[in-house]
file run-v3.cif (mmCIF, C-alpha atoms)
data_coords
loop_
_atom_site.group_PDB
_atom_site.id
_atom_site.type_symbol
_atom_site.label_atom_id
_atom_site.label_comp_id
_atom_site.auth_asym_id
_atom_site.auth_seq_id
_atom_site.Cartn_x
_atom_site.Cartn_y
_atom_site.Cartn_z
ATOM 1 C CA MET A 683 -63.906 -18.932 -26.690
ATOM 2 C CA PRO A 684 -67.651 -19.605 -27.056
ATOM 3 C CA TYR A 685 -67.710 -22.371 -24.420
ATOM 4 C CA ASP A 686 -66.349 -22.582 -20.891
ATOM 5 C CA LEU A 687 -66.199 -26.387 -20.725
ATOM 6 C CA LEU A 688 -66.440 -29.232 -23.210
ATOM 7 C CA LEU A 689 -67.174 -32.854 -22.218
ATOM 8 C CA ARG A 690 -66.027 -35.011 -25.116
ATOM 9 C CA GLY A 691 -67.035 -38.488 -26.207
ATOM 10 C CA GLY A 692 -69.225 -39.598 -23.301
ATOM 11 C CA ARG A 693 -72.438 -41.564 -23.583
ATOM 12 C CA VAL A 694 -75.209 -39.019 -23.201
ATOM 13 C CA ILE A 695 -78.535 -40.365 -21.932
ATOM 14 C CA ASP A 696 -81.222 -37.685 -21.940
ATOM 15 C CA PRO A 697 -84.781 -39.067 -22.123
ATOM 16 C CA ALA A 698 -86.261 -35.578 -22.458
ATOM 17 C CA GLN A 699 -84.488 -35.178 -25.823
ATOM 18 C CA ASN A 700 -84.637 -38.870 -26.728
ATOM 19 C CA LEU A 701 -80.842 -39.055 -26.730
ATOM 20 C CA ASP A 702 -78.785 -42.156 -26.005
ATOM 21 C CA GLY A 703 -75.413 -42.186 -27.697
ATOM 22 C CA ASN A 704 -71.942 -40.688 -27.842
ATOM 23 C CA TYR A 705 -72.039 -36.896 -27.926
ATOM 24 C CA ASP A 706 -69.986 -33.880 -27.004
ATOM 25 C CA VAL A 707 -71.549 -31.549 -24.436
ATOM 26 C CA ALA A 708 -70.605 -27.873 -24.254
ATOM 27 C CA ILE A 709 -71.256 -25.728 -21.169
ATOM 28 C CA THR A 710 -71.274 -21.938 -20.847
ATOM 29 C CA GLY A 711 -72.101 -19.952 -17.734
ATOM 30 C CA GLY A 712 -73.029 -23.113 -15.830
ATOM 31 C CA ARG A 713 -75.639 -24.147 -18.422
ATOM 32 C CA ILE A 714 -75.701 -26.635 -21.283
ATOM 33 C CA ALA A 715 -74.967 -24.688 -24.469
ATOM 34 C CA ALA A 716 -74.777 -27.479 -27.057
ATOM 35 C CA VAL A 717 -75.102 -31.248 -27.412
ATOM 36 C CA LEU A 718 -73.687 -32.414 -30.753
ATOM 37 C CA PRO A 719 -71.987 -35.496 -32.210
ATOM 38 C CA SER A 720 -68.724 -33.542 -32.422
ATOM 39 C CA ILE A 721 -67.582 -30.152 -31.121
ATOM 40 C CA ALA A 722 -64.073 -28.820 -31.750
ATOM 41 C CA PRO A 723 -61.942 -28.845 -28.568
ATOM 42 C CA SER A 724 -60.512 -25.482 -29.600
ATOM 43 C CA SER A 725 -63.948 -23.926 -29.080
ATOM 44 C CA ALA A 726 -63.796 -24.343 -25.275
ATOM 45 C CA SER A 727 -61.592 -22.936 -22.552
ATOM 46 C CA GLU A 728 -61.309 -26.434 -21.104
ATOM 47 C CA ALA A 729 -61.977 -29.816 -22.701
ATOM 48 C CA ILE A 730 -62.280 -33.090 -20.794
ATOM 49 C CA ASP A 731 -62.280 -36.515 -22.418
ATOM 50 C CA VAL A 732 -65.121 -38.500 -20.814
ATOM 51 C CA SER A 733 -65.053 -41.451 -23.198
ATOM 52 C CA GLY A 734 -66.508 -44.566 -21.585
ATOM 53 C CA LYS A 735 -68.425 -42.542 -18.999
ATOM 54 C CA LEU A 736 -72.090 -41.645 -18.682
ATOM 55 C CA VAL A 737 -73.089 -38.004 -19.121
ATOM 56 C CA LEU A 738 -76.538 -37.469 -17.619
ATOM 57 C CA PRO A 739 -78.895 -34.655 -16.719
ATOM 58 C CA GLY A 740 -79.033 -33.984 -13.003
ATOM 59 C CA LEU A 741 -80.747 -36.904 -11.282
ATOM 60 C CA ILE A 742 -83.770 -36.680 -8.965
ATOM 61 C CA ASP A 743 -83.677 -38.850 -5.847
ATOM 62 C CA THR A 744 -87.283 -39.566 -4.938
ATOM 63 C CA HIS A 745 -86.414 -41.083 -1.553
ATOM 64 C CA ALA A 746 -83.810 -39.254 0.510
ATOM 65 C CA HIS A 747 -83.231 -38.683 4.224
ATOM 66 C CA VAL A 748 -81.347 -35.408 4.590
ATOM 67 C CA PHE A 749 -82.756 -33.700 7.692
ATOM 68 C CA GLU A 750 -79.292 -33.837 9.191
ATOM 69 C CA TYR A 751 -78.883 -33.624 13.003
ATOM 70 C CA VAL A 752 -82.597 -33.098 13.668
ATOM 71 C CA THR A 753 -83.328 -36.742 12.848
ATOM 72 C CA GLY A 754 -80.324 -37.996 14.815
ATOM 73 C CA ARG A 755 -78.216 -40.726 13.230
ATOM 74 C CA PHE A 756 -80.715 -41.101 10.401
ATOM 75 C CA GLY A 757 -80.337 -37.917 8.359
ATOM 76 C CA LEU A 758 -77.433 -37.394 5.966
ATOM 77 C CA GLU A 759 -75.898 -34.156 4.701
ATOM 78 C CA ALA A 760 -77.999 -33.034 1.737
ATOM 79 C CA ASP A 761 -75.215 -32.047 -0.645
ATOM 80 C CA LEU A 762 -73.394 -35.329 0.030
ATOM 81 C CA CYS A 763 -76.469 -37.120 -1.343
ATOM 82 C CA GLY A 764 -77.197 -34.312 -3.784
ATOM 83 C CA VAL A 765 -74.918 -32.285 -6.012
ATOM 84 C CA ARG A 766 -71.800 -34.155 -4.880
ATOM 85 C CA SER A 767 -73.436 -37.370 -6.102
ATOM 86 C CA GLY A 768 -74.855 -36.167 -9.412
ATOM 87 C CA VAL A 769 -78.282 -35.526 -7.894
ATOM 88 C CA THR A 770 -79.670 -32.032 -8.328
ATOM 89 C CA THR A 771 -83.033 -32.559 -6.604
ATOM 90 C CA LEU A 772 -83.721 -34.511 -3.411
ATOM 91 C CA ILE A 773 -87.090 -35.460 -1.948
ATOM 92 C CA ASP A 774 -86.779 -36.010 1.787
ATOM 93 C CA GLN A 775 -89.254 -38.740 2.666
ATOM 94 C CA GLY A 776 -90.798 -38.065 6.057
ATOM 95 C CA GLY A 777 -87.918 -36.310 7.810
ATOM 96 C CA PRO A 778 -89.683 -33.044 8.664
ATOM 97 C CA SER A 779 -93.135 -32.829 10.229
ATOM 98 C CA CYS A 780 -95.550 -29.943 10.565
ATOM 99 C CA ILE A 781 -93.642 -29.021 13.755
ATOM 100 C CA THR A 782 -90.094 -29.176 12.392
ATOM 101 C CA LEU A 783 -90.763 -27.893 8.858
ATOM 102 C CA PRO A 784 -89.511 -24.351 9.606
ATOM 103 C CA ALA A 785 -86.127 -25.792 10.655
ATOM 104 C CA PHE A 786 -86.052 -27.961 7.537
ATOM 105 C CA ARG A 787 -86.583 -24.894 5.374
ATOM 106 C CA GLU A 788 -83.956 -22.818 7.186
ATOM 107 C CA PHE A 789 -81.168 -25.365 7.661
ATOM 108 C CA VAL A 790 -81.654 -27.664 4.654
ATOM 109 C CA VAL A 791 -83.699 -26.089 1.867
ATOM 110 C CA ASN A 792 -82.163 -22.606 2.138
ATOM 111 C CA ALA A 793 -78.685 -23.684 3.199
ATOM 112 C CA LYS A 794 -77.748 -26.291 0.586
ATOM 113 C CA GLU A 795 -76.701 -26.132 -3.051
ATOM 114 C CA SER A 796 -78.955 -29.066 -3.929
ATOM 115 C CA ARG A 797 -82.635 -28.441 -4.500
ATOM 116 C CA VAL A 798 -84.444 -30.113 -1.593
ATOM 117 C CA VAL A 799 -88.180 -30.614 -1.161
ATOM 118 C CA ALA A 800 -90.122 -32.855 1.203
ATOM 119 C CA PHE A 801 -92.864 -35.364 1.542
ATOM 120 C CA LEU A 802 -93.970 -34.216 4.978
ATOM 121 C CA SER A 803 -94.247 -36.820 7.712
ATOM 122 C CA ALA A 804 -97.809 -37.647 8.688
ATOM 123 C CA TYR A 805 -96.506 -37.982 12.272
ATOM 124 C CA LEU A 806 -95.841 -35.004 14.538
ATOM 125 C CA VAL A 807 -92.330 -36.247 15.373
ATOM 126 C CA GLY A 808 -91.255 -36.673 11.760
ATOM 127 C CA GLY A 809 -88.471 -39.132 11.070
ATOM 128 C CA LEU A 810 -86.636 -39.021 14.403
ATOM 129 C CA GLU A 811 -83.903 -41.668 14.460
ATOM 130 C CA GLY A 812 -85.404 -43.276 11.396
ATOM 131 C CA HIS A 813 -88.638 -44.199 13.161
ATOM 132 C CA TYR A 814 -86.629 -46.155 15.721
ATOM 133 C CA TYR A 815 -89.211 -45.733 18.488
ATOM 134 C CA PRO A 816 -92.587 -47.121 17.381
ATOM 135 C CA SER A 817 -94.538 -45.595 20.290
ATOM 136 C CA LEU A 818 -94.009 -42.173 18.675
ATOM 137 C CA TYR A 819 -95.917 -43.224 15.563
ATOM 138 C CA GLU A 820 -99.293 -44.263 16.929
ATOM 139 C CA PRO A 821 -102.560 -42.631 15.805
ATOM 140 C CA ASP A 822 -102.535 -40.116 18.690
ATOM 141 C CA CYS A 823 -99.253 -38.768 17.277
ATOM 142 C CA ILE A 824 -100.950 -37.575 14.082
ATOM 143 C CA ASP A 825 -102.635 -34.173 13.792
ATOM 144 C CA VAL A 826 -104.543 -34.056 10.525
ATOM 145 C CA ASP A 827 -105.439 -30.361 10.663
ATOM 146 C CA ALA A 828 -101.949 -29.144 11.620
ATOM 147 C CA THR A 829 -100.258 -31.252 8.958
ATOM 148 C CA VAL A 830 -102.612 -30.136 6.199
ATOM 149 C CA LYS A 831 -102.176 -26.499 7.270
ATOM 150 C CA ALA A 832 -98.364 -26.798 7.183
ATOM 151 C CA ALA A 833 -98.489 -28.300 3.703
ATOM 152 C CA ASN A 834 -100.867 -25.690 2.330
ATOM 153 C CA GLU A 835 -98.745 -22.841 3.691
ATOM 154 C CA ASN A 836 -95.488 -24.311 2.318
ATOM 155 C CA ARG A 837 -96.451 -25.586 -1.118
ATOM 156 C CA ASP A 838 -93.100 -24.551 -2.563
ATOM 157 C CA ILE A 839 -91.304 -27.255 -0.578
ATOM 158 C CA VAL A 840 -94.015 -29.725 0.508
ATOM 159 C CA LYS A 841 -94.827 -32.029 -2.387
ATOM 160 C CA GLY A 842 -96.577 -34.880 -0.568
ATOM 161 C CA PHE A 843 -96.739 -36.916 2.652
ATOM 162 C CA LYS A 844 -95.065 -40.020 4.062
ATOM 163 C CA ALA A 845 -96.648 -42.799 6.151
ATOM 164 C CA HIS A 846 -96.036 -46.464 7.004
ATOM 165 C CA ALA A 847 -98.222 -49.483 6.355
ATOM 166 C CA GLU A 848 -96.209 -52.239 7.992
ATOM 167 C CA LEU A 849 -96.643 -55.242 10.226
ATOM 168 C CA GLY A 850 -95.340 -53.842 13.526
ATOM 169 C CA GLY A 851 -97.627 -50.823 13.336
ATOM 170 C CA PHE A 852 -100.651 -52.820 12.225
ATOM 171 C CA ALA A 853 -100.120 -55.213 15.151
ATOM 172 C CA ARG A 854 -100.265 -52.258 17.544
ATOM 173 C CA TRP A 855 -102.871 -49.904 16.057
ATOM 174 C CA GLY A 856 -104.511 -51.566 13.092
ATOM 175 C CA ILE A 857 -105.261 -49.421 10.057
ATOM 176 C CA GLU A 858 -105.984 -46.148 11.882
ATOM 177 C CA VAL A 859 -102.593 -44.563 11.119
ATOM 178 C CA MET A 860 -103.094 -45.210 7.427
ATOM 179 C CA ARG A 861 -106.671 -43.935 7.516
ATOM 180 C CA LEU A 862 -105.522 -40.640 9.047
ATOM 181 C CA SER A 863 -102.571 -40.345 6.663
ATOM 182 C CA ALA A 864 -104.783 -40.911 3.627
ATOM 183 C CA GLU A 865 -107.150 -38.237 4.936
ATOM 184 C CA ILE A 866 -104.265 -35.753 5.215
ATOM 185 C CA ALA A 867 -103.270 -36.391 1.611
ATOM 186 C CA ARG A 868 -106.856 -36.118 0.377
ATOM 187 C CA GLN A 869 -107.466 -32.812 2.131
ATOM 188 C CA ALA A 870 -104.204 -31.323 0.879
ATOM 189 C CA GLN A 871 -104.642 -32.855 -2.585
ATOM 190 C CA LEU A 872 -101.072 -34.137 -2.593
ATOM 191 C CA PRO A 873 -99.605 -37.645 -3.034
ATOM 192 C CA LEU A 874 -99.115 -40.028 -0.127
ATOM 193 C CA TYR A 875 -95.928 -42.140 -0.161
ATOM 194 C CA ILE A 876 -96.460 -45.392 1.741
ATOM 195 C CA HIS A 877 -93.750 -47.623 3.192
ATOM 196 C CA PHE A 878 -94.537 -51.347 2.844
ATOM 197 C CA GLY A 879 -92.574 -54.185 4.474
ATOM 198 C CA GLN A 880 -92.059 -54.747 8.181
ATOM 199 C CA LEU A 881 -90.199 -51.949 9.930
ATOM 200 C CA TRP A 882 -90.892 -52.440 13.644
ATOM 201 C CA GLU A 883 -90.701 -55.564 15.757
ATOM 202 C CA LEU A 884 -93.983 -57.049 16.904
ATOM 203 C CA PRO A 885 -95.154 -55.772 20.322
ATOM 204 C CA GLU A 886 -94.180 -57.706 23.426
ATOM 205 C CA SER A 887 -97.852 -57.819 24.403
ATOM 206 C CA GLY A 888 -98.341 -60.533 21.827
ATOM 207 C CA ALA A 889 -100.940 -58.443 20.018
ATOM 208 C CA ASN A 890 -99.603 -59.648 16.714
ATOM 209 C CA GLY A 891 -102.486 -61.467 15.101
ATOM 210 C CA VAL A 892 -102.030 -59.652 11.801
ATOM 211 C CA ASP A 893 -101.520 -61.574 8.592
ATOM 212 C CA PRO A 894 -98.886 -59.553 6.676
ATOM 213 C CA ASP A 895 -100.421 -60.652 3.401
ATOM 214 C CA THR A 896 -103.595 -58.697 4.249
ATOM 215 C CA ILE A 897 -101.931 -55.311 4.758
ATOM 216 C CA LEU A 898 -101.914 -54.294 1.099
ATOM 217 C CA GLU A 899 -105.515 -55.427 0.765
ATOM 218 C CA GLN A 900 -106.511 -53.158 3.654
ATOM 219 C CA VAL A 901 -104.471 -50.139 2.586
ATOM 220 C CA VAL A 902 -104.891 -49.880 -1.188
ATOM 221 C CA PRO A 903 -108.643 -49.100 -1.055
ATOM 222 C CA LEU A 904 -107.803 -46.005 1.026
ATOM 223 C CA LEU A 905 -105.500 -44.612 -1.648
ATOM 224 C CA LYS A 906 -105.989 -42.356 -4.659
ATOM 225 C CA PRO A 907 -104.279 -42.075 -8.061
ATOM 226 C CA CYS A 908 -100.666 -40.801 -7.844
ATOM 227 C CA ASP A 909 -100.184 -42.105 -4.300
ATOM 228 C CA VAL A 910 -96.949 -44.088 -4.179
ATOM 229 C CA LEU A 911 -96.437 -47.687 -3.039
ATOM 230 C CA ALA A 912 -92.845 -47.924 -1.816
ATOM 231 C CA HIS A 913 -90.354 -50.791 -1.557
ATOM 232 C CA PRO A 914 -91.829 -53.188 -4.157
ATOM 233 C CA PHE A 915 -88.754 -55.409 -3.877
ATOM 234 C CA THR A 916 -88.575 -55.643 -0.084
ATOM 235 C CA ARG A 917 -87.735 -58.967 1.544
ATOM 236 C CA HIS A 918 -89.673 -58.032 4.680
ATOM 237 C CA PRO A 919 -93.183 -59.404 5.419
ATOM 238 C CA GLY A 920 -96.051 -57.253 4.222
ATOM 239 C CA GLY A 921 -94.540 -56.301 0.879
ATOM 240 C CA PHE A 922 -95.608 -56.833 -2.725
ATOM 241 C CA VAL A 923 -94.697 -60.540 -2.745
ATOM 242 C CA ASN A 924 -96.801 -62.798 -0.535
ATOM 243 C CA ARG A 925 -95.786 -65.910 1.370
ATOM 244 C CA GLU A 926 -96.567 -68.027 -1.673
ATOM 245 C CA GLY A 927 -93.917 -66.175 -3.649
ATOM 246 C CA LYS A 928 -96.370 -64.328 -5.878
ATOM 247 C CA VAL A 929 -97.188 -60.646 -6.341
ATOM 248 C CA HIS A 930 -100.446 -59.664 -4.652
ATOM 249 C CA PRO A 931 -103.184 -59.264 -7.294
ATOM 250 C CA ILE A 932 -104.244 -55.978 -5.693
ATOM 251 C CA VAL A 933 -100.898 -54.423 -6.665
ATOM 252 C CA LYS A 934 -101.726 -54.651 -10.363
ATOM 253 C CA GLU A 935 -105.221 -53.358 -9.664
ATOM 254 C CA ALA A 936 -103.720 -50.363 -7.841
ATOM 255 C CA LEU A 937 -101.315 -49.558 -10.655
ATOM 256 C CA ALA A 938 -104.100 -49.871 -13.213
ATOM 257 C CA ARG A 939 -106.042 -47.103 -11.459
ATOM 258 C CA GLY A 940 -103.097 -44.720 -11.372
ATOM 259 C CA LEU A 941 -101.088 -45.447 -8.248
ATOM 260 C CA LYS A 942 -97.290 -45.381 -8.602
ATOM 261 C CA THR A 943 -94.345 -47.387 -7.280
ATOM 262 C CA ASP A 944 -90.902 -46.273 -6.076
ATOM 263 C CA VAL A 945 -87.968 -48.637 -5.505
ATOM 264 C CA GLY A 946 -86.878 -47.081 -2.189
ATOM 265 C CA HIS A 947 -83.741 -49.230 -2.320
ATOM 266 C CA GLY A 948 -82.030 -48.584 1.020
ATOM 267 C CA SER A 949 -82.444 -51.540 3.354
ATOM 268 C CA HIS A 950 -85.483 -52.849 1.492
ATOM 269 C CA PHE A 951 -84.146 -54.524 -1.635
ATOM 270 C CA SER A 952 -84.008 -58.225 -2.456
ATOM 271 C CA TYR A 953 -82.825 -59.542 -5.819
ATOM 272 C CA ARG A 954 -85.105 -62.551 -5.436
ATOM 273 C CA MET A 955 -88.164 -60.400 -4.756
ATOM 274 C CA ALA A 956 -87.185 -58.033 -7.565
ATOM 275 C CA ARG A 957 -87.042 -60.909 -10.021
ATOM 276 C CA ILE A 958 -90.493 -62.118 -8.948
ATOM 277 C CA ALA A 959 -92.005 -58.634 -9.212
ATOM 278 C CA LEU A 960 -90.368 -57.769 -12.528
ATOM 279 C CA ASP A 961 -91.401 -61.088 -14.054
ATOM 280 C CA ALA A 962 -94.945 -60.262 -12.976
ATOM 281 C CA GLY A 963 -94.768 -56.956 -14.855
ATOM 282 C CA ILE A 964 -94.202 -54.692 -11.838
ATOM 283 C CA VAL A 965 -91.758 -52.043 -13.097
ATOM 284 C CA PRO A 966 -91.244 -49.124 -10.665
ATOM 285 C CA ASP A 967 -91.965 -45.622 -11.869
ATOM 286 C CA THR A 968 -89.067 -44.078 -9.934
ATOM 287 C CA LEU A 969 -85.763 -45.192 -8.406
ATOM 288 C CA GLY A 970 -85.454 -43.676 -4.936
ATOM 289 C CA ALA A 971 -82.146 -44.465 -3.227
ATOM 290 C CA ASP A 972 -83.351 -44.402 0.403
ATOM 291 C CA MET A 973 -79.869 -43.650 1.707
ATOM 292 C CA HIS A 974 -79.678 -42.838 5.409
ATOM 293 C CA GLY A 975 -77.384 -43.019 8.393
ATOM 294 C CA TYR A 976 -78.140 -46.683 9.080
ATOM 295 C CA ASN A 977 -77.113 -47.990 5.649
ATOM 296 C CA THR A 978 -74.114 -45.781 4.864
ATOM 297 C CA ARG A 979 -70.713 -45.477 6.476
ATOM 298 C CA VAL A 980 -70.926 -42.020 7.965
ATOM 299 C CA PRO A 981 -70.183 -41.089 11.579
ATOM 300 C CA ALA A 982 -73.178 -40.562 13.849
ATOM 301 C CA PRO A 983 -73.665 -36.990 15.099
ATOM 302 C CA ARG A 984 -71.898 -36.456 18.398
ATOM 303 C CA GLY A 985 -74.146 -37.034 21.385
ATOM 304 C CA THR A 986 -76.696 -39.318 19.696
ATOM 305 C CA PRO A 987 -77.805 -42.369 21.705
#

call {"tool": "encode", "arguments": {"input": "run-v3.cif", "output": "structure tokens"}}
result
Amino acid sequence: MPYDLLLRGGRVIDPAQNLDGNYDVAITGGRIAAVLPSIAPSSASEAIDVSGKLVLPGLIDTHAHVFEYVTGRFGLEADLCGVRSGVTTLIDQGGPSCITLPAFREFVVNAKESRVVAFLSAYLVGGLEGHYYPSLYEPDCIDVDATVKAANENRDIVKGFKAHAELGGFARWGIEVMRLSAEIARQAQLPLYIHFGQLWELPESGANGVDPDTILEQVVPLLKPCDVLAHPFTRHPGGFVNREGKVHPIVKEALARGLKTDVGHGSHFSYRMARIALDAGIVPDTLGADMHGYNTRVPAPRGTP
């Protein structure tokens, strides 16, 4: 038999080949051997009728959290989010740091069937407990030189950096975290992926005189083409949509000069905000899932607080 497996009658969507229609897909030796309108079932060792289903190339999740155990309750098992979910490549957003990158390579990248790469955390602690403790993410917790060095020495798995531009951090430290993060990305010549929308509560000190609608205006001038503005549809203050219910003008200016947007769905999606942004012409470039231990029903690792 020329083929090992035949998927019959499914809707094949393959943008790389400009395909969107009903096709048969033949597989040999774990690779696609043929995509044709009709292939005889007798030509394959096994044929499966997939009529009414989607047949897609392996998906790429541009916003994953799969540094399991090291990031506490936050990190999920990579192959659960990866090959067992139709995703062949995962980009962990800010789980490993320059300190924990060797463990990420050993216990995630090398140990899983899914292809896993990282946008390295700008912070020395990485994504511990999903950034649950804001005091670990202040400017003194960033080492520009060490982070750039780690990225340059691990280019095969480090594809960018992750930082946060959100109200709780700005109320504590102003723009300094973002200034340092942008400097890391510039020196390494890699993209910076920026979280927008409030993440941390305001400080008890009352040092909260930050207008969330000014955060984008302060951050975007620091950024370069191909940096990524995340969570365009967030309901949290400090996102793409201002208090007047309109998309910030600077967002369109940023996209016009080559910055990108990623959905980063997770806990940062609002249908109302999505409608406003889409109607304003803001269409994300990528669809990151942002799945993690706080928005999925998985047991927390034993011994976590």

call {"tool": "atom_distance", "arguments": {"input": "run-v3.cif", "atom1": "atom CA of A:Ile958", "atom2": "atom CA of A:Asp909"}}
result
22.7 Å

call {"tool": "closest_atom_pairs", "arguments": {"input": "run-v3.cif", "of": "stretch 861-927 of chain A", "to": "stretch 740-748 of chain A", "cutoff": "12 Å", "atoms": "only C-alpha atoms", "output": "JSON lines"}}
result
{"residue": "A:Tyr875", "atom": "CA", "partner": "A:His745", "partner_atom": "CA", "distance": 9.7}
{"residue": "A:Ile876", "atom": "CA", "partner": "A:His745", "partner_atom": "CA", "distance": 11.4}
{"residue": "A:His877", "atom": "CA", "partner": "A:His745", "partner_atom": "CA", "distance": 10.9}
{"residue": "A:Val910", "atom": "CA", "partner": "A:Thr744", "partner_atom": "CA", "distance": 10.7}
{"residue": "A:Ala912", "atom": "CA", "partner": "A:His745", "partner_atom": "CA", "distance": 9.4}
{"residue": "A:His913", "atom": "CA", "partner": "A:His745", "partner_atom": "CA", "distance": 10.5}

call {"tool": "residues_around", "arguments": {"input": "run-v3.cif", "residues": "A:Ala959", "least_positions_apart": "2", "cutoff": "12 Å", "atoms": "all atoms listed in the file", "output": "ChimeraX atom specification"}}
result
/A:913-917,921-924,927-931,933-934,943,945,951-957,961-966

call {"tool": "resolve_selection", "arguments": {"input": "run-v3.cif", "expression": "the PyMOL selection byres ((chain A and resi 704) around 7)", "output": "number ranges by chain"}}
result
A: 691-694, 703, 705, 719

call {"tool": "closest_residue", "arguments": {"input": "run-v3.cif", "among": "A:Glu926, A:Glu759, A:Asp944, A:Asp827", "to": "A:Val790", "atoms": "only C-alpha atoms"}}
result
A:Glu759

call {"tool": "resolve_selection", "arguments": {"input": "run-v3.cif", "expression": "the PyMOL selection byres ((chain A and resi 817-822) around 9)", "output": "JSON, numbers by chain"}}
result
{"A": [805, 806, 807, 808, 813, 814, 815, 816, 823, 824, 825, 851, 854, 855, 858, 859, 860, 862]}

call {"tool": "closest_residue", "arguments": {"input": "run-v3.cif", "among": "A:Leu898, A:Leu872, A:Val752, A:Ile857", "to": "A:Thr986", "atoms": "only C-alpha atoms"}}
result
A:Val752

call {"tool": "residues_around", "arguments": {"input": "run-v3.cif", "residues": "A:Val892", "least_positions_apart": "4", "cutoff": "9 Å", "atoms": "only C-alpha atoms", "output": "JSON list (two decimals) with C-alpha atoms, in the coordinates of the input"}}
result
[["chain", "number", "residue", "atom", "x", "y", "z"],
["A", 849, "LEU", "CA", -96.64, -55.24, 10.23],
["A", 852, "PHE", "CA", -100.65, -52.82, 12.22],
["A", 853, "ALA", "CA", -100.12, -55.21, 15.15],
["A", 856, "GLY", "CA", -104.51, -51.57, 13.09],
["A", 896, "THR", "CA", -103.60, -58.70, 4.25],
["A", 897, "ILE", "CA", -101.93, -55.31, 4.76]]

call {"tool": "atom_distance", "arguments": {"input": "run-v3.cif", "atom1": "atom CA of A:Ser779", "atom2": "atom CA of A:His918"}}
result
26.0 Å

call {"tool": "residues_near_point", "arguments": {"input": "run-v3.cif", "point": "(-111.7, -45.3, 1.9)", "cutoff": "9 Å", "atoms": "all atoms listed in the file", "output": "list in words"}}
result
Arg861, Ala864, Glu865, Val901, Val902, Pro903, Leu904 and Leu905 of chain A

call {"tool": "atom_distance", "arguments": {"input": "run-v3.cif", "atom1": "atom CA of A:Thr770", "atom2": "atom CA of A:Gly948"}}
result
19.2 Å

call {"tool": "resolve_selection", "arguments": {"input": "run-v3.cif", "expression": "the PyMOL selection byres ((chain A and resi 720) around 8)", "output": "ChimeraX atom specification"}}
result
/A:690,705-706,718-719,721-722

call {"tool": "axis_aligned_box", "arguments": {"input": "run-v3.cif", "around": "stretch 784-794 of chain A", "padding_each_side": "3 Å", "output": "JSON"}}
result
{"center_x": -83.6, "center_y": -25.3, "center_z": 5.6, "size_x": 17.8, "size_y": 11.4, "size_z": 16.1}

call {"tool": "closest_residue", "arguments": {"input": "run-v3.cif", "among": "A:Ala867, A:Phe843, A:Ser767, A:Tyr751", "to": "A:Arg984", "atoms": "all atoms listed in the file"}}
result
A:Tyr751

call {"tool": "residues_near_point", "arguments": {"input": "run-v3.cif", "point": "(-79.6, -35.6, 10.1)", "cutoff": "12 Å", "atoms": "only C-alpha atoms", "output": "MDAnalysis selection string"}}
result
chainID A and resid 746:760 762:763 774 777:778 785:786 789:790 808:812 973:976 980:984 986

call {"tool": "closest_residue", "arguments": {"input": "run-v3.cif", "among": "A:Ala938, A:Val830, A:Ala804, A:Leu969", "to": "A:Leu874", "atoms": "only C-alpha atoms"}}
result
A:Ala804

call {"tool": "closest_residue", "arguments": {"input": "run-v3.cif", "among": "A:Val717, A:Ala729, A:Arg797, A:Ala828", "to": "A:Gln699", "atoms": "only C-alpha atoms"}}
result
A:Val717

call {"tool": "closest_residue", "arguments": {"input": "run-v3.cif", "among": "A:Leu884, A:Pro723, A:Arg837, A:Ile730", "to": "A:Leu802", "atoms": "only C-alpha atoms"}}
result
A:Arg837

call {"tool": "residues_around", "arguments": {"input": "run-v3.cif", "residues": "A:Gly920", "least_positions_apart": "6", "cutoff": "7 Å", "atoms": "all atoms listed in the file", "output": "ChimeraX atom specification"}}
result
/A:848-849,878-880,894-895,897

call {"tool": "write_last_selection", "arguments": {"input": "run-v3.cif", "atoms": "C-alpha atoms", "output": "mmCIF file, in the frame of the given file"}}
result
data_model
loop_
_atom_site.group_PDB
_atom_site.id
_atom_site.type_symbol
_atom_site.label_atom_id
_atom_site.label_comp_id
_atom_site.auth_asym_id
_atom_site.auth_seq_id
_atom_site.Cartn_x
_atom_site.Cartn_y
_atom_site.Cartn_z
ATOM 1 C CA GLU A 848 -96.209 -52.239 7.992
ATOM 2 C CA LEU A 849 -96.643 -55.242 10.226
ATOM 3 C CA PHE A 878 -94.537 -51.347 2.844
ATOM 4 C CA GLY A 879 -92.574 -54.185 4.474
ATOM 5 C CA GLN A 880 -92.059 -54.747 8.181
ATOM 6 C CA PRO A 894 -98.886 -59.553 6.676
ATOM 7 C CA ASP A 895 -100.421 -60.652 3.401
ATOM 8 C CA ILE A 897 -101.931 -55.311 4.758
#

call {"tool": "build_atoms", "arguments": {"input": "run-v3.cif", "residues": "stretch 779-784 of chain A", "atoms": "N, CA and C atoms", "output": "JSON list (two decimals), keeping the file's coordinate frame"}}
result
[["chain", "number", "residue", "atom", "x", "y", "z"],
["A", 779, "SER", "N", -91.70, -32.76, 9.94],
["A", 779, "SER", "CA", -93.14, -32.83, 10.23],
["A", 779, "SER", "C", -93.69, -31.41, 10.20],
["A", 780, "CYS", "N", -94.98, -31.28, 10.51],
["A", 780, "CYS", "CA", -95.55, -29.94, 10.56],
["A", 780, "CYS", "C", -94.88, -29.10, 11.65],
["A", 781, "ILE", "N", -94.31, -29.74, 12.66],
["A", 781, "ILE", "CA", -93.64, -29.02, 13.76],
["A", 781, "ILE", "C", -92.24, -28.58, 13.35],
["A", 782, "THR", "N", -91.51, -29.45, 12.68],
["A", 782, "THR", "CA", -90.09, -29.18, 12.39],
["A", 782, "THR", "C", -89.87, -28.61, 10.99],
["A", 783, "LEU", "N", -90.93, -28.39, 10.22],
["A", 783, "LEU", "CA", -90.76, -27.89, 8.86],
["A", 783, "LEU", "C", -90.03, -26.55, 8.79],
["A", 784, "PRO", "N", -90.28, -25.60, 9.69],
["A", 784, "PRO", "CA", -89.51, -24.35, 9.61],
["A", 784, "PRO", "C", -88.00, -24.57, 9.71]]
